[in-house]
file structure.json (JSON, C-alpha atoms)
[["chain", "number", "residue", "atom", "x", "y", "z"],
["A", 1, "MET", "CA", 0.00, 0.00, 0.00],
["A", 2, "LYS", "CA", 1.50, 3.32, -1.06],
["A", 3, "GLU", "CA", 0.89, 6.16, 1.33],
["A", 4, "THR", "CA", 1.83, 9.79, 1.24],
["A", 5, "SER", "CA", 2.27, 11.66, 4.47],
["A", 6, "HIS", "CA", 1.74, 15.17, 5.67],
["A", 7, "GLY", "CA", 3.65, 16.23, 8.78],
["A", 8, "HIS", "CA", 2.46, 18.95, 11.12],
["A", 9, "ARG", "CA", 3.89, 20.75, 14.08],
["A", 10, "GLY", "CA", 2.57, 19.05, 17.15],
["A", 11, "GLY", "CA", 4.00, 15.66, 16.32],
["A", 12, "PHE", "CA", 1.50, 13.95, 14.08],
["A", 13, "GLN", "CA", 1.41, 12.85, 10.48],
["A", 14, "MET", "CA", -1.54, 12.45, 8.18],
["A", 15, "LYS", "CA", -1.00, 9.78, 5.55],
["A", 16, "ASN", "CA", -3.36, 9.04, 2.70],
["A", 17, "ARG", "CA", -4.04, 6.43, 0.04],
["A", 18, "LEU", "CA", -5.72, 8.81, -2.41],
["A", 19, "SER", "CA", -3.39, 8.25, -5.37],
["A", 20, "GLU", "CA", -3.56, 4.47, -4.93],
["A", 21, "LEU", "CA", -7.35, 4.50, -4.76],
["A", 22, "ARG", "CA", -7.65, 6.84, -7.71],
["A", 23, "HIS", "CA", -5.50, 4.53, -9.84],
["A", 24, "GLU", "CA", -7.40, 1.43, -8.72],
["A", 25, "ASN", "CA", -10.61, 3.13, -9.83],
["A", 26, "LYS", "CA", -9.06, 4.36, -13.10],
["A", 27, "LEU", "CA", -9.72, 8.01, -12.34],
["A", 28, "THR", "CA", -7.57, 10.92, -13.41],
["A", 29, "GLN", "CA", -6.85, 13.69, -10.94],
["A", 30, "GLN", "CA", -9.18, 15.91, -12.97],
["A", 31, "GLU", "CA", -12.02, 13.36, -12.91],
["A", 32, "LEU", "CA", -11.73, 12.91, -9.16],
["A", 33, "ALA", "CA", -11.59, 16.67, -8.64],
["A", 34, "GLU", "CA", -14.80, 17.10, -10.64],
["A", 35, "LYS", "CA", -16.56, 14.35, -8.66],
["A", 36, "VAL", "CA", -15.84, 16.06, -5.33],
["A", 37, "LYS", "CA", -16.08, 19.62, -6.70],
["A", 38, "VAL", "CA", -12.53, 20.84, -6.08],
["A", 39, "THR", "CA", -9.68, 21.81, -8.37],
["A", 40, "ARG", "CA", -7.17, 19.35, -9.77],
["A", 41, "ARG", "CA", -4.51, 21.31, -7.83],
["A", 42, "THR", "CA", -6.30, 20.38, -4.57],
["A", 43, "ILE", "CA", -6.16, 16.68, -5.45],
["A", 44, "ILE", "CA", -2.47, 17.00, -6.35],
["A", 45, "SER", "CA", -1.75, 18.74, -3.03],
["A", 46, "ILE", "CA", -3.58, 16.09, -1.00],
["A", 47, "GLU", "CA", -1.86, 13.24, -2.86],
["A", 48, "SER", "CA", 1.58, 14.78, -2.34],
["A", 49, "GLY", "CA", 0.93, 15.32, 1.36],
["A", 50, "LYS", "CA", 1.15, 19.11, 1.15],
["A", 51, "TYR", "CA", -2.47, 19.69, 2.13],
["A", 52, "SER", "CA", -4.85, 18.06, 4.59],
["A", 53, "PRO", "CA", -8.43, 18.21, 3.32],
["A", 54, "SER", "CA", -11.31, 19.70, 5.23],
["A", 55, "LEU", "CA", -13.57, 17.28, 7.03],
["A", 56, "GLU", "CA", -16.26, 17.91, 4.39],
["A", 57, "LEU", "CA", -13.86, 17.05, 1.55],
["A", 58, "ALA", "CA", -12.58, 13.96, 3.39],
["A", 59, "PHE", "CA", -16.16, 12.69, 3.64],
["A", 60, "LYS", "CA", -16.84, 13.45, -0.05],
["A", 61, "LEU", "CA", -13.75, 11.46, -0.98],
["A", 62, "SER", "CA", -14.78, 8.56, 1.26],
["A", 63, "LYS", "CA", -18.22, 8.46, -0.37],
["A", 64, "THR", "CA", -16.64, 8.53, -3.82],
["A", 65, "PHE", "CA", -14.57, 5.42, -3.04],
["A", 66, "ASN", "CA", -17.22, 3.80, -0.81],
["A", 67, "LEU", "CA", -14.73, 3.66, 2.06],
["A", 68, "THR", "CA", -14.52, 5.19, 5.51],
["A", 69, "VAL", "CA", -12.46, 8.32, 6.04],
["A", 70, "GLU", "CA", -10.08, 6.21, 8.14],
["A", 71, "GLN", "CA", -9.51, 3.84, 5.21],
["A", 72, "ILE", "CA", -8.26, 6.75, 3.10],
["A", 73, "PHE", "CA", -6.63, 9.03, 5.68],
["A", 74, "LEU", "CA", -4.38, 7.54, 8.33],
["A", 75, "TYR", "CA", -3.54, 9.63, 11.38],
["A", 76, "GLU", "CA", -0.30, 8.83, 13.18],
["A", 77, "GLU", "CA", 1.14, 10.51, 16.25],
["A", 78, "GLY", "CA", 4.86, 10.59, 16.26]]
call {"tool": "encode", "arguments": {"input": "structure.json", "output": "structure tokens"}}
result
Amino acid sequence: MKETSHGHRGGFQMKNRLSELRHENKLTQQELAEKVKVTRRTIISIESGKYSPSLELAFKLSKTFNLTVEQIFLYEEG
């Protein structure tokens, strides 16, 4: 499982499987962005770990892939 991570001050990392899931579902970044009503740049930033999505966007993404938020976004204290 390929994960990208996003580190924050405060000692936690947010990892995600968005790119992996997008590829499994044969979606381009643009197609996924349109499904959840954000820009392609937002999807790129989430996939690269440079941006943590809002709770609303995380839920939209989970609905899109029929997974829980926790199955897409992995929170790790460190």
call {"tool": "closest_residue", "arguments": {"input": "structure.json", "among": "A:Glu76, A:Leu21, A:Ile46, A:Val38", "to": "Thr64 of chain A", "atoms": "only C-alpha atoms"}}
result
A:Leu21
call {"tool": "atom_distance", "arguments": {"input": "structure.json", "atom1": "atom CA of Phe65 of chain A", "atom2": "atom CA of Glu77 of chain A"}}
result
25.4 Å
call {"tool": "atom_distance", "arguments": {"input": "structure.json", "atom1": "atom CA of Ser52 of chain A", "atom2": "atom CA of Met14 of chain A"}}
result
7.4 Å
call {"tool": "atom_distance", "arguments": {"input": "structure.json", "atom1": "atom CA of Lys15 of chain A", "atom2": "atom CA of Tyr75 of chain A"}}
result
6.4 Å
call {"tool": "closest_residue", "arguments": {"input": "structure.json", "among": "A:Asn25, A:Thr42, A:Gln13, A:Ser54", "to": "Asn66 of chain A", "atoms": "only C-alpha atoms"}}
result
A:Asn25
call {"tool": "residues_near_point", "arguments": {"input": "structure.json", "point": "(-5.4, 18.8, -12.1)", "cutoff": "7 Å", "atoms": "all atoms listed in the file", "output": "PDB file with C-alpha atoms, in the frame of the given file"}}
result
ATOM      1  CA  GLN A  29      -6.850  13.690 -10.940  1.00  0.00           C
ATOM      2  CA  GLN A  30      -9.180  15.910 -12.970  1.00  0.00           C
ATOM      3  CA  THR A  39      -9.680  21.810  -8.370  1.00  0.00           C
ATOM      4  CA  ARG A  40      -7.170  19.350  -9.770  1.00  0.00           C
ATOM      5  CA  ARG A  41      -4.510  21.310  -7.830  1.00  0.00           C
ATOM      6  CA  ILE A  44      -2.470  17.000  -6.350  1.00  0.00           C
TER       7      ILE A  44
END
call {"tool": "residues_near_point", "arguments": {"input": "structure.json", "point": "(-3.8, 8.4, 0.8)", "cutoff": "12 Å", "atoms": "all atoms listed in the file", "output": "JSON, numbers by chain"}}
result
{"A": [1, 2, 3, 4, 5, 6, 13, 14, 15, 16, 17, 18, 19, 20, 21, 22, 23, 43, 44, 45, 46, 47, 48, 49, 50, 51, 52, 53, 58, 61, 62, 65, 67, 69, 70, 71, 72, 73, 74, 75]}
call {"tool": "axis_aligned_box", "arguments": {"input": "structure.json", "around": "segment 48-59 of chain A", "padding_each_side": "3 Å", "output": "JSON"}}
result
{"center_x": -7.3, "center_y": 16.2, "center_z": 2.3, "size_x": 23.8, "size_y": 13.0, "size_z": 15.4}
